[in-house]
Amino acid sequence: MSEDLSPAERYARAKQNRKDPALESFIELLKFPMDEFQLKACQALLRGQGVLVAAPTGAGKTVVGEFAMHLGLERNQKVFYTTPIKALSNQKYSELVNRYGSDKVGLLTGDTSINSSAQFLVMTTEVLRNMIYANSENLMNLGFVVMDEVHYLADRFRGAVWEEVILHLPRDVKVVSLSATVSNAEEFGAWLDEIRGDTAIIVSEVRPVPLNQHVLFGDELIPLFRDDEGDNRVNIDLVQRHANKMRQPINKPLSGRRGHPASRVYPKGPDRNLGRIARVSKPDVIEILDEADLLPAIFFIFSRAGCEAAVQSVLASGIRLTRPEDKQLIRRIAEEKCGNIPDEDLSALGYFQWLNALERGVAAHHAGLLPAFKEVVEELFLRKLVKVVFATETLALGINMPARTVVLERLDKFNGEGRVQITPGEYTQLTGRAGRRGIDFEGHSVIQWSGNLDPNYVASLASKRTYPLNSSFKPTFNMTVNLIQAFGARRSREVLETSFAQFQADRSVVGLARGIREKQSSLRGYEDSMKCHLGDFTEYAKLRREISDLEKELATWGRQAKRNDLRQTKGMRAQELKITNMKRDLRSHPCHACQDREAHARWAERWYKLYRETEAIIKQIESRTNQVAKTFDNIANLLLDLGYLVEDDDDLEATEAGLKLAKIYGDRDLLVSECLRREIWAGVDPATFAALAAALVFEARRDDEELNPRFPRGDFTEKFDDTLGVWDELQALSKHWNLAITSEPDASMALQMHRWATGARLDSILKSTGMLAGDFIRWCKQAIDLLEQISKINDDKLSKTASAAVDQIKRGIVAYSYYA
């Protein structure tokens, strides 16, 4: 943990640290004095340690990564800087080019390759994983790898990539792991120390810009906590106001700040006489924040449609947050960024409505937005030209867009199955955007209040820092082949047993085993208490329990049977006879005559209940022990069955088919490989192949209801049915080997991908799918990625078809966004 130092001690420490020339020259490049946690992390790197830095959003963790690059420059070593998403890679690349020059810095994001042999390479984590498996020459003379946003390791879709990189990097490469504040940083650091060598764990919970937390109660801003510094108790005034409001009957809606009624949620059912707090409209909230000097602000709304609707409500209100001279600059920046978009697509993209909103100082930001549009919004917000952004929670992932204020419209969200409360960790991530270092003395969070929120719950949510980092690592078919080809089966298995997933499982086993020891001690005590001098009471208690279970079962049958044939069921008659015989045995048992029989029986029931709990824990331990290696073994066995692996000198080796599988990345890697091997897609034309690729990568969102599942004409239906047949076979094999099954391919977007590949206009595609442009482009990119993988693993007609399909998809706005 970070030390609490007085200003004098901190100055003395900083003066001592400045004696190192490398650190001294680096400090001179910074805009701010180094914080204590930054100094400690940089010192650790100087000592040759790896580091894990866990600190709040905006605290300046990236300074530590940049110092690693500074050391690389001093020592003439390569440094890789990895990020979870392309947008972060692009942002970091621009920053480093400004500092070190374009000749020193390169960018690799899968679809972009700039100066790939540069000393400093910025890349997505998947690119580095692929380089390791390919034993790339770029790994030569690599000194440091900076893993930004390493807490992304918990992501259930892509998190495994982070562990693969950490596990397989050469041991002499120092890893700089930068994480948001997590509650189990010490556990993660202990794992890094075990598998990477000496690793310093640097944890800071100090925000560089303090956060003031408020609630918007009606149209009044009220502090969430008491005024006393460091007091995390809820504001008593807020509690009383909330209680009073809940007791009041509903009155007519209050007038809005511009004379229109404030929007209000009226209760239904028996609570309709209870008072409710008027939910102030978004334009009114903006006026309240503007009057309190709390702009610029980010409104987090957990819905893309909600973000777009919020922008429209602000436009309809007539609010303008910009000056006339701002409008000209905003238009120029937008036109520069979007100048290469085909004119015919601008209208379909809603460009002119979007530009109008920007010129008024408001914008939306979400995954469905065109990438170029998102970049414009980010730049304008940083320049203080856009004052209000309505965003989904994806904005909280590392993008450099701090605001003075963060507004949370509600504290629950839809998770794909139902509405769930946001976690303390998510709350911390979202409000971490509040407060701009060097600009704001303090940041602000604002929660819009509603009658169903308990003030004490909200205060506890805001004050907790429970954000555990849990591994999502699981071996895949592709990973298994790559590992075996690179390291052999034995070493691969050993490496997987050192994964963070297994590390956490083993630690949980220690706790479970401790619990078993305690339960076994209690079981022995219960056994002593139920002993009977007349006979084996364990046997007697078992007989009683079996009779009781059979009687309950018989009663259930009786309730389900018709009254007139209740006694006619042969099965029930046999059950009744069995119970009768068992009761006779029970009465003849020696323990039945014991005067303390019922007291013994009570202890026997306690013993049995505890015994069942103990057995359940033992099964948990068995399932967690070597769980990652067991999954690896099962995958290897399945791949042996299919001929992707063969036994060779008491080890395993990839066959030609296995080597091709090793080059296919994605959730349906084995399905794609098997379809290629069986020539399921032979003879298709490029547009049909594009449609098939879309079916293999697409996963419908809950709001993709307008997608029409109609199939393209031609042989798509036959080829897709054959693909589903292979999928069915693989699911059966997966079940046999106790492996998780993959979701069924989804052809909902196949027709529209076929239409796009054969020249359909963007406006027609978006209208027929109901998709946002950013979503359509993302699925096009994923289809392109799969087709490009296929085009590179074979030198045959189908590979040429895959390349042609890529060319047909990569046109217009897709091509522009792909290379942007």
# chains A, B, ... in the order shown; residues from 1 in each chain; ligands from 1
>>> closest_atom_pairs(of="stretch 709-797 of chain A", to="stretch 676-692 of chain A", cutoff="12 Å", atoms="only C-alpha atoms", output="CSV")
residue,atom,partner,partner_atom,distance
A:Pro709,CA,A:Ala691,CA,12.0
A:Arg710,CA,A:Ala691,CA,11.6
A:Phe711,CA,A:Ala691,CA,8.9
A:Pro712,CA,A:Thr688,CA,7.7
A:Arg713,CA,A:Thr688,CA,8.8
A:Gly714,CA,A:Thr688,CA,8.1
A:Asp715,CA,A:Val684,CA,7.4
A:Phe716,CA,A:Thr688,CA,6.0
A:Thr717,CA,A:Leu692,CA,9.6
A:Glu718,CA,A:Ile680,CA,9.7
A:Lys719,CA,A:Trp681,CA,6.2
A:Phe720,CA,A:Leu692,CA,6.9
A:Asp721,CA,A:Ile680,CA,9.9
A:Asp722,CA,A:Ile680,CA,6.7
A:Thr723,CA,A:Ile680,CA,6.9
A:Leu724,CA,A:Ile680,CA,10.5
A:Gly725,CA,A:Ile680,CA,10.1
A:Val726,CA,A:Ile680,CA,9.0
A:Trp727,CA,A:Ile680,CA,11.8
A:Pro745,CA,A:Leu692,CA,9.3
A:Asp746,CA,A:Leu692,CA,9.5
A:Ala747,CA,A:Leu692,CA,7.7
A:Ser748,CA,A:Ala691,CA,9.8
A:Met749,CA,A:Ala691,CA,7.6
A:Ala750,CA,A:Ala691,CA,4.4
A:Leu751,CA,A:Ala691,CA,6.6
A:Gln752,CA,A:Ala691,CA,7.9
A:Met753,CA,A:Ala691,CA,5.3
A:His754,CA,A:Ala691,CA,5.1
A:Arg755,CA,A:Ala687,CA,7.9
A:Trp756,CA,A:Ala687,CA,8.5
A:Ala757,CA,A:Ala687,CA,5.4
A:Thr758,CA,A:Ala687,CA,6.4
A:Gly759,CA,A:Ala687,CA,9.9
A:Ala760,CA,A:Ala687,CA,11.7
A:Trp779,CA,A:Ala690,CA,11.1
A:Cys780,CA,A:Ala690,CA,9.0
A:Lys781,CA,A:Ala690,CA,11.2
A:Gln782,CA,A:Ala690,CA,10.7
A:Ala783,CA,A:Ala690,CA,7.0
A:Ile784,CA,A:Ala690,CA,8.1
A:Asp785,CA,A:Ala690,CA,11.0
A:Leu786,CA,A:Ala690,CA,9.7
A:Leu787,CA,A:Ala690,CA,7.7
A:Glu788,CA,A:Ala690,CA,11.1
A:Gln789,CA,A:Leu676,CA,11.7
A:Ile790,CA,A:Leu676,CA,8.5
A:Ser791,CA,A:Leu676,CA,11.1
A:Ile793,CA,A:Leu676,CA,10.0
A:Asn794,CA,A:Leu676,CA,9.4
A:Asp796,CA,A:Ala682,CA,10.2
A:Lys797,CA,A:Gly683,CA,8.3
>>> residues_around(residues="A:Ala601", least_positions_apart="4", cutoff="9 Å", atoms="only C-alpha atoms", output="PyMOL selection string")
chain A and resi 530+537+540-541+596-597+605-606
>>> residues_around(residues="stretch 496-502 of chain A", least_positions_apart="5", cutoff="7 Å", atoms="only C-alpha atoms", output="list of chain:residue names")
A:Glu163, A:Trp191, A:Ser471, A:Ser472, A:Phe473, A:Asn626, A:Gln627, A:Val628, A:Ala629
>>> closest_atom_pairs(of="stretch 144-237 of chain A", to="stretch 111-133 of chain A", cutoff="7 Å", atoms="only C-alpha atoms", output="Markdown table")
| residue | atom | partner | partner_atom | distance |
| --- | --- | --- | --- | --- |
| A:Val161 | CA | A:Glu126 | CA | 6.3 |
| A:Trp162 | CA | A:Thr125 | CA | 6.7 |
| A:Glu164 | CA | A:Arg129 | CA | 6.7 |
| A:Val165 | CA | A:Arg129 | CA | 5.5 |
>>> write_last_selection(atoms="C-alpha atoms", output="mmCIF file, in the first residue's frame")
data_model
loop_
_atom_site.group_PDB
_atom_site.id
_atom_site.type_symbol
_atom_site.label_atom_id
_atom_site.label_comp_id
_atom_site.auth_asym_id
_atom_site.auth_seq_id
_atom_site.Cartn_x
_atom_site.Cartn_y
_atom_site.Cartn_z
ATOM 1 C CA VAL A 161 -5.623 -13.372 -24.134
ATOM 2 C CA TRP A 162 -4.062 -11.356 -21.295
ATOM 3 C CA GLU A 164 -1.794 -16.182 -22.517
ATOM 4 C CA VAL A 165 0.575 -13.247 -23.012
#
>>> closest_residue(among="A:Ile809, A:Cys307, A:Ile195, A:Val175", to="A:Arg778", atoms="only C-alpha atoms")
A:Ile809
>>> residues_around(residues="stretch 314-317 of chain A", least_positions_apart="2", cutoff="12 Å", atoms="only C-alpha atoms", output="number ranges by chain")
A: 256-260, 281-287, 307-312, 319-321, 353-364, 388-390
>>> select_by_dssp(residues="stretch 608-702 of chain A", states="strand (DSSP E or B)", output="list in words")
Leu645, Val646, Glu647, Asp648, Asp651, Leu652, Glu653 and Ala654 of chain A
>>> atom_distance(atom1="atom CA of A:Gln77", atom2="atom CA of A:Phe32")
26.5 Å
>>> select_by_dssp(residues="stretch 133-183 of chain A", states="helix (DSSP H, G or I)", output="ChimeraX atom specification")
/A:133,137-139,150-154,160-168
>>> closest_residue(among="A:Ile741, A:Leu461, A:Leu483, A:Ala180", to="A:Ala654", atoms="only C-alpha atoms")
A:Leu483
>>> closest_residue(among="A:Lys387, A:Glu426, A:Gly488, A:Ala348", to="A:Asp649", atoms="only C-alpha atoms")
A:Gly488
>>> decode(residues="stretch 315-407 of chain A", atoms="C-alpha atoms", output="mmCIF file, in the first residue's frame")
data_model
loop_
_atom_site.group_PDB
_atom_site.id
_atom_site.type_symbol
_atom_site.label_atom_id
_atom_site.label_comp_id
_atom_site.auth_asym_id
_atom_site.auth_seq_id
_atom_site.Cartn_x
_atom_site.Cartn_y
_atom_site.Cartn_z
ATOM 1 C CA LEU A 315 -32.035 19.726 -29.351
ATOM 2 C CA ALA A 316 -35.808 20.015 -29.010
ATOM 3 C CA SER A 317 -35.384 22.130 -25.868
ATOM 4 C CA GLY A 318 -33.448 24.803 -27.748
ATOM 5 C CA ILE A 319 -30.365 24.570 -25.499
ATOM 6 C CA ARG A 320 -27.130 25.885 -27.027
ATOM 7 C CA LEU A 321 -23.908 25.408 -25.065
ATOM 8 C CA THR A 322 -21.473 26.834 -27.640
ATOM 9 C CA ARG A 323 -20.447 30.270 -28.873
ATOM 10 C CA PRO A 324 -20.668 31.365 -32.560
ATOM 11 C CA GLU A 325 -16.903 31.014 -32.982
ATOM 12 C CA ASP A 326 -17.058 27.477 -31.524
ATOM 13 C CA LYS A 327 -19.546 26.444 -34.185
ATOM 14 C CA GLN A 328 -17.100 27.182 -37.029
ATOM 15 C CA LEU A 329 -14.269 25.252 -35.378
ATOM 16 C CA ILE A 330 -16.554 22.277 -34.624
ATOM 17 C CA ARG A 331 -17.698 22.130 -38.267
ATOM 18 C CA ARG A 332 -14.105 22.298 -39.536
ATOM 19 C CA ILE A 333 -12.913 19.450 -37.270
ATOM 20 C CA ALA A 334 -15.899 17.269 -38.197
ATOM 21 C CA GLU A 335 -15.410 17.863 -41.914
ATOM 22 C CA GLU A 336 -11.689 17.061 -41.688
ATOM 23 C CA LYS A 337 -12.356 13.739 -39.907
ATOM 24 C CA CYS A 338 -15.274 12.737 -42.138
ATOM 25 C CA GLY A 339 -14.157 14.233 -45.445
ATOM 26 C CA ASN A 340 -13.439 10.843 -47.022
ATOM 27 C CA ILE A 341 -16.851 9.357 -46.274
ATOM 28 C CA PRO A 342 -18.770 8.918 -49.555
ATOM 29 C CA ASP A 343 -21.423 11.637 -49.995
ATOM 30 C CA GLU A 344 -24.146 9.061 -50.589
ATOM 31 C CA ASP A 345 -23.493 7.604 -47.115
ATOM 32 C CA LEU A 346 -23.583 10.869 -45.171
ATOM 33 C CA SER A 347 -27.367 11.100 -45.194
ATOM 34 C CA ALA A 348 -27.773 7.434 -44.207
ATOM 35 C CA LEU A 349 -25.419 8.030 -41.286
ATOM 36 C CA GLY A 350 -27.433 10.994 -40.024
ATOM 37 C CA TYR A 351 -24.365 13.185 -40.507
ATOM 38 C CA PHE A 352 -26.144 16.515 -40.712
ATOM 39 C CA GLN A 353 -28.314 15.919 -37.626
ATOM 40 C CA TRP A 354 -25.194 14.735 -35.784
ATOM 41 C CA LEU A 355 -23.265 17.845 -36.853
ATOM 42 C CA ASN A 356 -26.134 20.086 -35.726
ATOM 43 C CA ALA A 357 -25.981 18.519 -32.263
ATOM 44 C CA LEU A 358 -22.201 19.008 -32.108
ATOM 45 C CA GLU A 359 -22.591 22.653 -33.025
ATOM 46 C CA ARG A 360 -24.993 22.999 -30.090
ATOM 47 C CA GLY A 361 -22.416 21.382 -27.762
ATOM 48 C CA VAL A 362 -24.004 17.927 -27.216
ATOM 49 C CA ALA A 363 -23.284 14.439 -28.561
ATOM 50 C CA ALA A 364 -23.836 10.714 -28.032
ATOM 51 C CA HIS A 365 -21.027 8.168 -27.628
ATOM 52 C CA HIS A 366 -21.640 4.405 -27.883
ATOM 53 C CA ALA A 367 -20.489 1.287 -29.740
ATOM 54 C CA GLY A 368 -23.139 1.720 -32.441
ATOM 55 C CA LEU A 369 -21.671 5.046 -33.524
ATOM 56 C CA LEU A 370 -19.481 5.269 -36.604
ATOM 57 C CA PRO A 371 -15.819 5.091 -35.457
ATOM 58 C CA ALA A 372 -15.041 8.416 -37.163
ATOM 59 C CA PHE A 373 -17.971 10.037 -35.364
ATOM 60 C CA LYS A 374 -16.721 8.737 -32.010
ATOM 61 C CA GLU A 375 -13.248 10.140 -32.681
ATOM 62 C CA VAL A 376 -14.724 13.563 -33.461
ATOM 63 C CA VAL A 377 -16.796 13.525 -30.263
ATOM 64 C CA GLU A 378 -13.730 12.574 -28.207
ATOM 65 C CA GLU A 379 -11.587 15.327 -29.717
ATOM 66 C CA LEU A 380 -14.269 18.005 -29.348
ATOM 67 C CA PHE A 381 -14.930 17.025 -25.742
ATOM 68 C CA LEU A 382 -11.231 17.231 -24.910
ATOM 69 C CA ARG A 383 -11.121 20.674 -26.533
ATOM 70 C CA LYS A 384 -14.120 21.749 -24.375
ATOM 71 C CA LEU A 385 -16.155 22.433 -27.516
ATOM 72 C CA VAL A 386 -18.715 19.735 -26.742
ATOM 73 C CA LYS A 387 -19.998 20.243 -23.201
ATOM 74 C CA VAL A 388 -22.359 17.288 -22.727
ATOM 75 C CA VAL A 389 -21.932 13.684 -23.886
ATOM 76 C CA PHE A 390 -24.569 10.986 -23.421
ATOM 77 C CA ALA A 391 -22.629 7.714 -23.291
ATOM 78 C CA THR A 392 -22.989 4.020 -22.598
ATOM 79 C CA GLU A 393 -20.618 2.418 -20.084
ATOM 80 C CA THR A 394 -18.139 1.440 -22.836
ATOM 81 C CA LEU A 395 -16.782 4.980 -22.534
ATOM 82 C CA ALA A 396 -15.490 4.098 -19.044
ATOM 83 C CA LEU A 397 -12.905 1.748 -20.576
ATOM 84 C CA GLY A 398 -9.764 3.835 -20.651
ATOM 85 C CA ILE A 399 -10.659 6.430 -23.321
ATOM 86 C CA ASN A 400 -9.117 9.772 -22.364
ATOM 87 C CA MET A 401 -12.341 11.756 -21.912
ATOM 88 C CA PRO A 402 -12.409 13.128 -18.364
ATOM 89 C CA ALA A 403 -15.230 15.516 -17.436
ATOM 90 C CA ARG A 404 -15.901 17.869 -14.565
ATOM 91 C CA THR A 405 -19.077 15.929 -13.771
ATOM 92 C CA VAL A 406 -20.452 12.444 -14.318
ATOM 93 C CA VAL A 407 -24.229 11.952 -14.177
#
